[in-house]
>>> print(open('coords.cif').read())   # mmCIF, N, CA and C atoms
data_coords
loop_
_atom_site.group_PDB
_atom_site.id
_atom_site.type_symbol
_atom_site.label_atom_id
_atom_site.label_comp_id
_atom_site.auth_asym_id
_atom_site.auth_seq_id
_atom_site.Cartn_x
_atom_site.Cartn_y
_atom_site.Cartn_z
ATOM 1 N N MET L 46 5.736 16.528 5.264
ATOM 2 C CA MET L 46 5.276 15.934 6.507
ATOM 3 C C MET L 46 5.848 16.728 7.685
ATOM 4 N N TYR L 47 4.992 16.980 8.652
ATOM 5 C CA TYR L 47 5.464 17.572 9.892
ATOM 6 C C TYR L 47 4.487 17.266 11.015
ATOM 7 N N ARG L 48 4.882 17.629 12.239
ATOM 8 C CA ARG L 48 4.111 17.339 13.444
ATOM 9 C C ARG L 48 3.862 18.636 14.186
ATOM 10 N N VAL L 49 2.662 18.753 14.778
ATOM 11 C CA VAL L 49 2.340 19.911 15.598
ATOM 12 C C VAL L 49 1.850 19.452 16.964
ATOM 13 N N HIS L 50 2.154 20.266 17.951
ATOM 14 C CA HIS L 50 1.649 20.075 19.313
ATOM 15 C C HIS L 50 0.860 21.328 19.634
ATOM 16 N N MET L 51 -0.389 21.153 20.110
ATOM 17 C CA MET L 51 -1.249 22.299 20.377
ATOM 18 C C MET L 51 -1.844 22.213 21.777
ATOM 19 N N ILE L 52 -1.961 23.365 22.404
ATOM 20 C CA ILE L 52 -2.728 23.517 23.638
ATOM 21 C C ILE L 52 -3.886 24.432 23.279
ATOM 22 N N VAL L 53 -5.098 23.913 23.434
ATOM 23 C CA VAL L 53 -6.300 24.622 23.007
ATOM 24 C C VAL L 53 -7.078 25.058 24.246
ATOM 25 N N SER L 54 -7.380 26.351 24.318
ATOM 26 C CA SER L 54 -8.144 26.864 25.459
ATOM 27 C C SER L 54 -9.454 27.470 24.976
ATOM 28 N N GLY L 55 -10.401 27.536 25.884
ATOM 29 C CA GLY L 55 -11.730 28.044 25.602
ATOM 30 C C GLY L 55 -12.748 27.090 26.206
ATOM 31 N N LEU L 56 -13.924 27.016 25.621
ATOM 32 C CA LEU L 56 -14.935 26.056 26.051
ATOM 33 C C LEU L 56 -14.676 24.779 25.272
ATOM 34 N N VAL L 57 -13.747 23.953 25.783
ATOM 35 C CA VAL L 57 -13.273 22.775 25.055
ATOM 36 C C VAL L 57 -13.397 21.468 25.843
ATOM 37 N N GLN L 58 -13.902 21.535 27.066
ATOM 38 C CA GLN L 58 -14.129 20.303 27.827
ATOM 39 C C GLN L 58 -15.614 20.187 28.130
ATOM 40 N N GLY L 59 -16.134 18.975 28.002
ATOM 41 C CA GLY L 59 -17.544 18.735 28.272
ATOM 42 C C GLY L 59 -18.464 19.096 27.116
ATOM 43 N N VAL L 60 -17.895 19.318 25.932
ATOM 44 C CA VAL L 60 -18.691 19.722 24.772
ATOM 45 C C VAL L 60 -18.405 18.848 23.547
ATOM 46 N N GLY L 61 -17.744 17.728 23.736
ATOM 47 C CA GLY L 61 -17.452 16.818 22.637
ATOM 48 C C GLY L 61 -16.243 17.184 21.806
ATOM 49 N N PHE L 62 -15.376 18.046 22.346
ATOM 50 C CA PHE L 62 -14.211 18.497 21.570
ATOM 51 C C PHE L 62 -13.301 17.330 21.181
ATOM 52 N N ARG L 63 -12.973 16.465 22.132
ATOM 53 C CA ARG L 63 -12.034 15.369 21.832
ATOM 54 C C ARG L 63 -12.605 14.421 20.780
ATOM 55 N N TYR L 64 -13.852 14.023 20.964
ATOM 56 C CA TYR L 64 -14.468 13.095 20.021
ATOM 57 C C TYR L 64 -14.553 13.715 18.625
ATOM 58 N N THR L 65 -15.011 14.949 18.548
ATOM 59 C CA THR L 65 -15.148 15.618 17.254
ATOM 60 C C THR L 65 -13.784 15.832 16.609
ATOM 61 N N THR L 66 -12.788 16.184 17.411
ATOM 62 C CA THR L 66 -11.433 16.353 16.889
ATOM 63 C C THR L 66 -10.924 15.034 16.312
ATOM 64 N N GLN L 67 -11.174 13.942 17.007
ATOM 65 C CA GLN L 67 -10.765 12.626 16.513
ATOM 66 C C GLN L 67 -11.443 12.319 15.174
ATOM 67 N N GLN L 68 -12.737 12.583 15.084
ATOM 68 C CA GLN L 68 -13.463 12.318 13.841
ATOM 69 C C GLN L 68 -12.944 13.175 12.689
ATOM 70 N N ARG L 69 -12.710 14.453 12.946
ATOM 71 C CA ARG L 69 -12.197 15.349 11.899
ATOM 72 C C ARG L 69 -10.782 14.941 11.468
ATOM 73 N N ALA L 70 -9.959 14.520 12.425
ATOM 74 C CA ALA L 70 -8.597 14.063 12.095
ATOM 75 C C ALA L 70 -8.657 12.869 11.145
ATOM 76 N N LYS L 71 -9.562 11.949 11.422
ATOM 77 C CA LYS L 71 -9.713 10.778 10.552
ATOM 78 C C LYS L 71 -10.194 11.193 9.163
ATOM 79 N N GLU L 72 -11.138 12.146 9.102
ATOM 80 C CA GLU L 72 -11.641 12.621 7.815
ATOM 81 C C GLU L 72 -10.540 13.313 7.008
ATOM 82 N N ILE L 73 -9.740 14.125 7.678
ATOM 83 C CA ILE L 73 -8.676 14.883 7.012
ATOM 84 C C ILE L 73 -7.504 13.978 6.656
ATOM 85 N N GLY L 74 -7.212 13.005 7.521
ATOM 86 C CA GLY L 74 -6.105 12.088 7.269
ATOM 87 C C GLY L 74 -4.834 12.437 8.020
ATOM 88 N N VAL L 75 -4.989 12.948 9.254
ATOM 89 C CA VAL L 75 -3.824 13.180 10.104
ATOM 90 C C VAL L 75 -3.857 12.186 11.265
ATOM 91 N N TYR L 76 -2.723 11.993 11.895
ATOM 92 C CA TYR L 76 -2.565 10.990 12.945
ATOM 93 C C TYR L 76 -2.000 11.628 14.204
ATOM 94 N N GLY L 77 -2.326 11.049 15.363
ATOM 95 C CA GLY L 77 -1.824 11.577 16.621
ATOM 96 C C GLY L 77 -2.768 11.268 17.752
ATOM 97 N N TRP L 78 -3.021 12.282 18.602
ATOM 98 C CA TRP L 78 -3.864 12.064 19.774
ATOM 99 C C TRP L 78 -4.398 13.380 20.318
ATOM 100 N N VAL L 79 -5.414 13.259 21.198
ATOM 101 C CA VAL L 79 -6.016 14.408 21.872
ATOM 102 C C VAL L 79 -6.341 13.986 23.299
ATOM 103 N N ARG L 80 -6.160 14.915 24.251
ATOM 104 C CA ARG L 80 -6.511 14.606 25.640
ATOM 105 C C ARG L 80 -6.835 15.882 26.410
ATOM 106 N N ASN L 81 -7.696 15.724 27.436
ATOM 107 C CA ASN L 81 -8.004 16.817 28.343
ATOM 108 C C ASN L 81 -6.860 17.008 29.317
ATOM 109 N N LEU L 82 -6.608 18.247 29.707
ATOM 110 C CA LEU L 82 -5.648 18.559 30.749
ATOM 111 C C LEU L 82 -6.399 19.062 31.976
ATOM 112 N N SER L 83 -5.784 18.941 33.138
ATOM 113 C CA SER L 83 -6.450 19.282 34.395
ATOM 114 C C SER L 83 -6.764 20.769 34.540
ATOM 115 N N ASP L 84 -6.120 21.627 33.749
ATOM 116 C CA ASP L 84 -6.375 23.065 33.843
ATOM 117 C C ASP L 84 -7.544 23.527 32.958
ATOM 118 N N GLY L 85 -8.249 22.583 32.322
ATOM 119 C CA GLY L 85 -9.391 22.922 31.485
ATOM 120 C C GLY L 85 -9.071 23.088 30.014
ATOM 121 N N THR L 86 -7.795 22.971 29.647
ATOM 122 C CA THR L 86 -7.408 23.047 28.243
ATOM 123 C C THR L 86 -7.379 21.636 27.652
ATOM 124 N N VAL L 87 -7.160 21.574 26.355
ATOM 125 C CA VAL L 87 -7.030 20.301 25.666
ATOM 126 C C VAL L 87 -5.700 20.301 24.924
ATOM 127 N N GLU L 88 -4.999 19.186 25.010
ATOM 128 C CA GLU L 88 -3.714 19.012 24.337
ATOM 129 C C GLU L 88 -3.928 18.136 23.107
ATOM 130 N N VAL L 89 -3.332 18.555 21.991
ATOM 131 C CA VAL L 89 -3.475 17.829 20.733
ATOM 132 C C VAL L 89 -2.097 17.674 20.104
ATOM 133 N N GLU L 90 -1.819 16.485 19.582
ATOM 134 C CA GLU L 90 -0.613 16.296 18.771
ATOM 135 C C GLU L 90 -1.054 15.634 17.480
ATOM 136 N N ALA L 91 -0.618 16.190 16.361
ATOM 137 C CA ALA L 91 -1.016 15.669 15.059
ATOM 138 C C ALA L 91 0.152 15.746 14.091
ATOM 139 N N GLU L 92 0.177 14.787 13.170
ATOM 140 C CA GLU L 92 1.225 14.779 12.159
ATOM 141 C C GLU L 92 0.669 14.234 10.856
ATOM 142 N N GLY L 93 1.374 14.552 9.793
ATOM 143 C CA GLY L 93 0.976 14.059 8.481
ATOM 144 C C GLY L 93 1.449 14.972 7.387
ATOM 145 N N ASP L 94 0.836 14.805 6.233
ATOM 146 C CA ASP L 94 1.115 15.632 5.070
ATOM 147 C C ASP L 94 0.904 17.102 5.427
ATOM 148 N N SER L 95 1.776 17.962 4.970
ATOM 149 C CA SER L 95 1.732 19.381 5.331
ATOM 150 C C SER L 95 0.376 20.023 5.069
ATOM 151 N N LYS L 96 -0.212 19.787 3.895
ATOM 152 C CA LYS L 96 -1.510 20.388 3.579
ATOM 153 C C LYS L 96 -2.589 19.887 4.539
ATOM 154 N N LYS L 97 -2.555 18.604 4.856
ATOM 155 C CA LYS L 97 -3.558 18.034 5.751
ATOM 156 C C LYS L 97 -3.390 18.559 7.176
ATOM 157 N N VAL L 98 -2.152 18.682 7.641
ATOM 158 C CA VAL L 98 -1.914 19.224 8.987
ATOM 159 C C VAL L 98 -2.362 20.680 9.043
ATOM 160 N N ASP L 99 -2.065 21.451 7.998
ATOM 161 C CA ASP L 99 -2.512 22.848 7.953
ATOM 162 C C ASP L 99 -4.037 22.937 7.995
ATOM 163 N N GLN L 100 -4.715 22.072 7.252
ATOM 164 C CA GLN L 100 -6.182 22.032 7.251
ATOM 165 C C GLN L 100 -6.700 21.677 8.647
ATOM 166 N N PHE L 101 -6.050 20.723 9.308
ATOM 167 C CA PHE L 101 -6.432 20.312 10.657
ATOM 168 C C PHE L 101 -6.272 21.464 11.647
ATOM 169 N N ILE L 102 -5.158 22.205 11.554
ATOM 170 C CA ILE L 102 -4.919 23.355 12.434
ATOM 171 C C ILE L 102 -6.023 24.396 12.259
ATOM 172 N N GLU L 103 -6.386 24.689 11.025
ATOM 173 C CA GLU L 103 -7.441 25.675 10.767
ATOM 174 C C GLU L 103 -8.773 25.214 11.349
ATOM 175 N N MET L 104 -9.058 23.929 11.246
ATOM 176 C CA MET L 104 -10.283 23.385 11.816
ATOM 177 C C MET L 104 -10.279 23.543 13.332
ATOM 178 N N ILE L 105 -9.153 23.277 13.966
ATOM 179 C CA ILE L 105 -9.038 23.431 15.423
ATOM 180 C C ILE L 105 -9.251 24.894 15.804
ATOM 181 N N LYS L 106 -8.649 25.810 15.090
ATOM 182 C CA LYS L 106 -8.772 27.241 15.403
ATOM 183 C C LYS L 106 -10.219 27.720 15.307
ATOM 184 N N LYS L 107 -10.980 27.174 14.373
ATOM 185 C CA LYS L 107 -12.383 27.573 14.195
ATOM 186 C C LYS L 107 -13.298 26.876 15.196
ATOM 187 N N GLY L 108 -12.855 25.738 15.706
ATOM 188 C CA GLY L 108 -13.715 24.915 16.556
ATOM 189 C C GLY L 108 -14.345 23.839 15.701
ATOM 190 N N PRO L 109 -14.168 22.585 16.071
ATOM 191 C CA PRO L 109 -14.628 21.494 15.222
ATOM 192 C C PRO L 109 -16.141 21.334 15.132
ATOM 193 N N ARG L 110 -16.911 22.009 15.989
ATOM 194 C CA ARG L 110 -18.374 21.932 15.906
ATOM 195 C C ARG L 110 -19.025 23.021 16.745
ATOM 196 N N ARG L 111 -20.333 23.175 16.608
ATOM 197 C CA ARG L 111 -21.077 24.151 17.416
ATOM 198 C C ARG L 111 -20.891 23.862 18.888
ATOM 199 N N PHE L 112 -21.089 24.860 19.698
ATOM 200 C CA PHE L 112 -20.997 24.787 21.154
ATOM 201 C C PHE L 112 -19.558 24.696 21.658
ATOM 202 N N ILE L 113 -18.603 24.691 20.764
ATOM 203 C CA ILE L 113 -17.194 24.697 21.145
ATOM 204 C C ILE L 113 -16.667 26.094 20.837
ATOM 205 N N THR L 114 -16.105 26.745 21.857
ATOM 206 C CA THR L 114 -15.563 28.084 21.684
ATOM 207 C C THR L 114 -14.060 28.034 21.886
ATOM 208 N N ILE L 115 -13.309 28.444 20.883
ATOM 209 C CA ILE L 115 -11.852 28.443 20.953
ATOM 210 C C ILE L 115 -11.384 29.853 21.279
ATOM 211 N N ASP L 116 -10.677 30.001 22.398
ATOM 212 C CA ASP L 116 -10.107 31.297 22.774
ATOM 213 C C ASP L 116 -8.678 31.449 22.279
ATOM 214 N N ASN L 117 -7.899 30.368 22.353
ATOM 215 C CA ASN L 117 -6.494 30.449 21.982
ATOM 216 C C ASN L 117 -5.980 29.058 21.605
ATOM 217 N N VAL L 118 -5.064 29.031 20.645
ATOM 218 C CA VAL L 118 -4.389 27.787 20.270
ATOM 219 C C VAL L 118 -2.895 28.073 20.252
ATOM 220 N N GLN L 119 -2.168 27.466 21.185
ATOM 221 C CA GLN L 119 -0.703 27.575 21.196
ATOM 222 C C GLN L 119 -0.167 26.422 20.351
ATOM 223 N N ILE L 120 0.629 26.750 19.343
ATOM 224 C CA ILE L 120 1.104 25.737 18.401
ATOM 225 C C ILE L 120 2.624 25.693 18.407
ATOM 226 N N THR L 121 3.148 24.488 18.559
ATOM 227 C CA THR L 121 4.576 24.242 18.399
ATOM 228 C C THR L 121 4.729 23.266 17.240
ATOM 229 N N THR L 122 5.630 23.584 16.315
ATOM 230 C CA THR L 122 5.818 22.783 15.107
ATOM 231 C C THR L 122 7.141 22.028 15.186
ATOM 232 N N TYR L 123 7.123 20.780 14.743
ATOM 233 C CA TYR L 123 8.314 19.936 14.732
ATOM 234 C C TYR L 123 8.506 19.353 13.342
ATOM 235 N N SER L 124 9.744 19.214 12.928
ATOM 236 C CA SER L 124 10.019 18.633 11.616
ATOM 237 C C SER L 124 10.087 17.111 11.669
ATOM 238 N N ASP L 125 10.288 16.552 12.868
ATOM 239 C CA ASP L 125 10.320 15.094 12.977
ATOM 240 C C ASP L 125 8.907 14.561 13.191
ATOM 241 N N ILE L 126 8.675 13.329 12.771
ATOM 242 C CA ILE L 126 7.374 12.714 12.996
ATOM 243 C C ILE L 126 7.560 11.460 13.847
ATOM 244 N N LYS L 127 6.482 11.061 14.507
ATOM 245 C CA LYS L 127 6.533 9.905 15.400
ATOM 246 C C LYS L 127 5.875 8.666 14.794
ATOM 247 N N ASP L 128 5.454 8.763 13.546
ATOM 248 C CA ASP L 128 4.837 7.636 12.830
ATOM 249 C C ASP L 128 3.608 7.081 13.538
ATOM 250 N N TYR L 129 2.729 7.971 13.990
ATOM 251 C CA TYR L 129 1.452 7.507 14.534
ATOM 252 C C TYR L 129 0.677 6.805 13.427
ATOM 253 N N SER L 130 -0.109 5.801 13.789
ATOM 254 C CA SER L 130 -0.876 5.070 12.782
ATOM 255 C C SER L 130 -2.388 5.286 12.924
ATOM 256 N N SER L 131 -2.790 6.099 13.908
ATOM 257 C CA SER L 131 -4.204 6.386 14.137
ATOM 258 C C SER L 131 -4.298 7.732 14.833
ATOM 259 N N PHE L 132 -5.517 8.158 15.126
ATOM 260 C CA PHE L 132 -5.724 9.361 15.921
ATOM 261 C C PHE L 132 -6.576 8.962 17.110
ATOM 262 N N ASP L 133 -6.009 9.030 18.309
ATOM 263 C CA ASP L 133 -6.640 8.478 19.497
ATOM 264 C C ASP L 133 -7.009 9.531 20.522
ATOM 265 N N ILE L 134 -8.009 9.213 21.327
ATOM 266 C CA ILE L 134 -8.321 9.979 22.519
ATOM 267 C C ILE L 134 -7.583 9.281 23.661
ATOM 268 N N VAL L 135 -6.695 10.014 24.328
ATOM 269 C CA VAL L 135 -5.891 9.391 25.405
ATOM 270 C C VAL L 135 -6.173 10.055 26.744
#
>>> encode(input="coords.cif", output="structure tokens")
Amino acid sequence: MYRVHMIVSGLVQGVGFRYTTQQRAKEIGVYGWVRNLSDGTVEVEAEGDSKKVDQFIEMIKKGPRRFITIDNVQITTYSDIKDYSSFDIV
């Protein structure tokens, strides 16, 4: 189990990124949250089983759906978890 914090840049606002990310997180089985930032990037925090978090990171890097273009993903990894019980849009 581990937690990641990501700042995602590219064409990620106004294209359903948050909603699609939430849906994919639920499908994969990771917990946390996603939100838009005022600079046009999206902030994501996710935690869970290592394999599931790794799968989630790869999905984010590729873009969770068409019309979403990912330019960069800054990832910070933490060994502690916050015991999220869902994946929310905040």
>>> resolve_selection(input="coords.cif", expression="the PyMOL selection byres (((chain L and resi 89 and name CA) around 6) and name CA)", output="JSON, numbers by chain")
{"L": [50, 51, 78, 79, 88, 90]}
>>> select_by_dssp(input="coords.cif", residues="chain L", states="strand (DSSP E)", output="PyMOL selection string")
chain L and resi 47-56+76-81+87-93+114-123+132-134
>>> resolve_selection(input="coords.cif", expression="the PyMOL selection byres ((chain L and resi 113) around 7)", output="VMD selection string")
chain L and resid 55 to 57 60 62 107 to 112 114 to 115
>>> write_last_selection(input="coords.cif", atoms="N, CA and C atoms", output="mmCIF file, in the frame of the given file")
data_model
loop_
_atom_site.group_PDB
_atom_site.id
_atom_site.type_symbol
_atom_site.label_atom_id
_atom_site.label_comp_id
_atom_site.auth_asym_id
_atom_site.auth_seq_id
_atom_site.Cartn_x
_atom_site.Cartn_y
_atom_site.Cartn_z
ATOM 1 N N GLY L 55 -10.401 27.536 25.884
ATOM 2 C CA GLY L 55 -11.730 28.044 25.602
ATOM 3 C C GLY L 55 -12.748 27.090 26.206
ATOM 4 N N LEU L 56 -13.924 27.016 25.621
ATOM 5 C CA LEU L 56 -14.935 26.056 26.051
ATOM 6 C C LEU L 56 -14.676 24.779 25.272
ATOM 7 N N VAL L 57 -13.747 23.953 25.783
ATOM 8 C CA VAL L 57 -13.273 22.775 25.055
ATOM 9 C C VAL L 57 -13.397 21.468 25.843
ATOM 10 N N VAL L 60 -17.895 19.318 25.932
ATOM 11 C CA VAL L 60 -18.691 19.722 24.772
ATOM 12 C C VAL L 60 -18.405 18.848 23.547
ATOM 13 N N PHE L 62 -15.376 18.046 22.346
ATOM 14 C CA PHE L 62 -14.211 18.497 21.570
ATOM 15 C C PHE L 62 -13.301 17.330 21.181
ATOM 16 N N LYS L 107 -10.980 27.174 14.373
ATOM 17 C CA LYS L 107 -12.383 27.573 14.195
ATOM 18 C C LYS L 107 -13.298 26.876 15.196
ATOM 19 N N GLY L 108 -12.855 25.738 15.706
ATOM 20 C CA GLY L 108 -13.715 24.915 16.556
ATOM 21 C C GLY L 108 -14.345 23.839 15.701
ATOM 22 N N PRO L 109 -14.168 22.585 16.071
ATOM 23 C CA PRO L 109 -14.628 21.494 15.222
ATOM 24 C C PRO L 109 -16.141 21.334 15.132
ATOM 25 N N ARG L 110 -16.911 22.009 15.989
ATOM 26 C CA ARG L 110 -18.374 21.932 15.906
ATOM 27 C C ARG L 110 -19.025 23.021 16.745
ATOM 28 N N ARG L 111 -20.333 23.175 16.608
ATOM 29 C CA ARG L 111 -21.077 24.151 17.416
ATOM 30 C C ARG L 111 -20.891 23.862 18.888
ATOM 31 N N PHE L 112 -21.089 24.860 19.698
ATOM 32 C CA PHE L 112 -20.997 24.787 21.154
ATOM 33 C C PHE L 112 -19.558 24.696 21.658
ATOM 34 N N THR L 114 -16.105 26.745 21.857
ATOM 35 C CA THR L 114 -15.563 28.084 21.684
ATOM 36 C C THR L 114 -14.060 28.034 21.886
ATOM 37 N N ILE L 115 -13.309 28.444 20.883
ATOM 38 C CA ILE L 115 -11.852 28.443 20.953
ATOM 39 C C ILE L 115 -11.384 29.853 21.279
#
>>> residues_around(input="coords.cif", residues="L:Tyr76", least_positions_apart="3", cutoff="7 Å", atoms="all atoms listed in the file", output="PyMOL selection string")
chain L and resi 70-71+90-93+129-133
>>> write_last_selection(input="coords.cif", atoms="N, CA and C atoms", output="PDB file, keeping the file's coordinate frame")
ATOM      1  N   ALA L  70      -9.959  14.520  12.425  1.00  0.00           N
ATOM      2  CA  ALA L  70      -8.597  14.063  12.095  1.00  0.00           C
ATOM      3  C   ALA L  70      -8.657  12.869  11.145  1.00  0.00           C
ATOM      4  N   LYS L  71      -9.562  11.949  11.422  1.00  0.00           N
ATOM      5  CA  LYS L  71      -9.713  10.778  10.552  1.00  0.00           C
ATOM      6  C   LYS L  71     -10.194  11.193   9.163  1.00  0.00           C
ATOM      7  N   GLU L  90      -1.819  16.485  19.582  1.00  0.00           N
ATOM      8  CA  GLU L  90      -0.613  16.296  18.771  1.00  0.00           C
ATOM      9  C   GLU L  90      -1.054  15.634  17.480  1.00  0.00           C
ATOM     10  N   ALA L  91      -0.618  16.190  16.361  1.00  0.00           N
ATOM     11  CA  ALA L  91      -1.016  15.669  15.059  1.00  0.00           C
ATOM     12  C   ALA L  91       0.152  15.746  14.091  1.00  0.00           C
ATOM     13  N   GLU L  92       0.177  14.787  13.170  1.00  0.00           N
ATOM     14  CA  GLU L  92       1.225  14.779  12.159  1.00  0.00           C
ATOM     15  C   GLU L  92       0.669  14.234  10.856  1.00  0.00           C
ATOM     16  N   GLY L  93       1.374  14.552   9.793  1.00  0.00           N
ATOM     17  CA  GLY L  93       0.976  14.059   8.481  1.00  0.00           C
ATOM     18  C   GLY L  93       1.449  14.972   7.387  1.00  0.00           C
ATOM     19  N   TYR L 129       2.729   7.971  13.990  1.00  0.00           N
ATOM     20  CA  TYR L 129       1.452   7.507  14.534  1.00  0.00           C
ATOM     21  C   TYR L 129       0.677   6.805  13.427  1.00  0.00           C
ATOM     22  N   SER L 130      -0.109   5.801  13.789  1.00  0.00           N
ATOM     23  CA  SER L 130      -0.876   5.070  12.782  1.00  0.00           C
ATOM     24  C   SER L 130      -2.388   5.286  12.924  1.00  0.00           C
ATOM     25  N   SER L 131      -2.790   6.099  13.908  1.00  0.00           N
ATOM     26  CA  SER L 131      -4.204   6.386  14.137  1.00  0.00           C
ATOM     27  C   SER L 131      -4.298   7.732  14.833  1.00  0.00           C
ATOM     28  N   PHE L 132      -5.517   8.158  15.126  1.00  0.00           N
ATOM     29  CA  PHE L 132      -5.724   9.361  15.921  1.00  0.00           C
ATOM     30  C   PHE L 132      -6.576   8.962  17.110  1.00  0.00           C
ATOM     31  N   ASP L 133      -6.009   9.030  18.309  1.00  0.00           N
ATOM     32  CA  ASP L 133      -6.640   8.478  19.497  1.00  0.00           C
ATOM     33  C   ASP L 133      -7.009   9.531  20.522  1.00  0.00           C
TER      34      ASP L 133
END
>>> atom_distance(input="coords.cif", atom1="atom N of L:Ser54", atom2="atom C of L:Gly74")
21.6 Å
>>> closest_residue(input="coords.cif", among="L:Leu82, L:Val49, L:Ile134, L:Val87", to="L:Asn117", atoms="only C-alpha atoms")
L:Val87
>>> residues_around(input="coords.cif", residues="L:Met46", least_positions_apart="5", cutoff="10 Å", atoms="only C-alpha atoms", output="ChimeraX atom specification")
/L:92-98,123-126
>>> atom_distance(input="coords.cif", atom1="atom N of L:Arg80", atom2="atom N of L:Phe101")
16.0 Å
>>> atom_distance(input="coords.cif", atom1="atom N of L:Val118", atom2="atom N of L:Glu72")
21.3 Å
>>> closest_residue(input="coords.cif", among="L:Asn81, L:Gln100, L:Thr121, L:Thr66", to="L:Val135", atoms="only N, CA and C atoms")
L:Asn81
>>> closest_residue(input="coords.cif", among="L:Gln58, L:Gln119, L:Ser83, L:Tyr64", to="L:Lys106", atoms="only C-alpha atoms")
L:Gln119
>>> select_by_dssp(input="coords.cif", residues="chain L", states="alpha helix (DSSP H)", output="list in words")
Phe62, Arg63, Tyr64, Thr65, Thr66, Gln67, Gln68, Arg69, Ala70, Lys71, Glu72, Ile73, Ser95, Lys96, Lys97, Val98, Asp99, Gln100, Phe101, Ile102, Glu103, Met104, Ile105, Lys106 and Lys107 of chain L
>>> closest_residue(input="coords.cif", among="L:Glu103, L:Lys127, L:Gln67, L:Val53", to="L:Thr86", atoms="all atoms listed in the file")
L:Val53
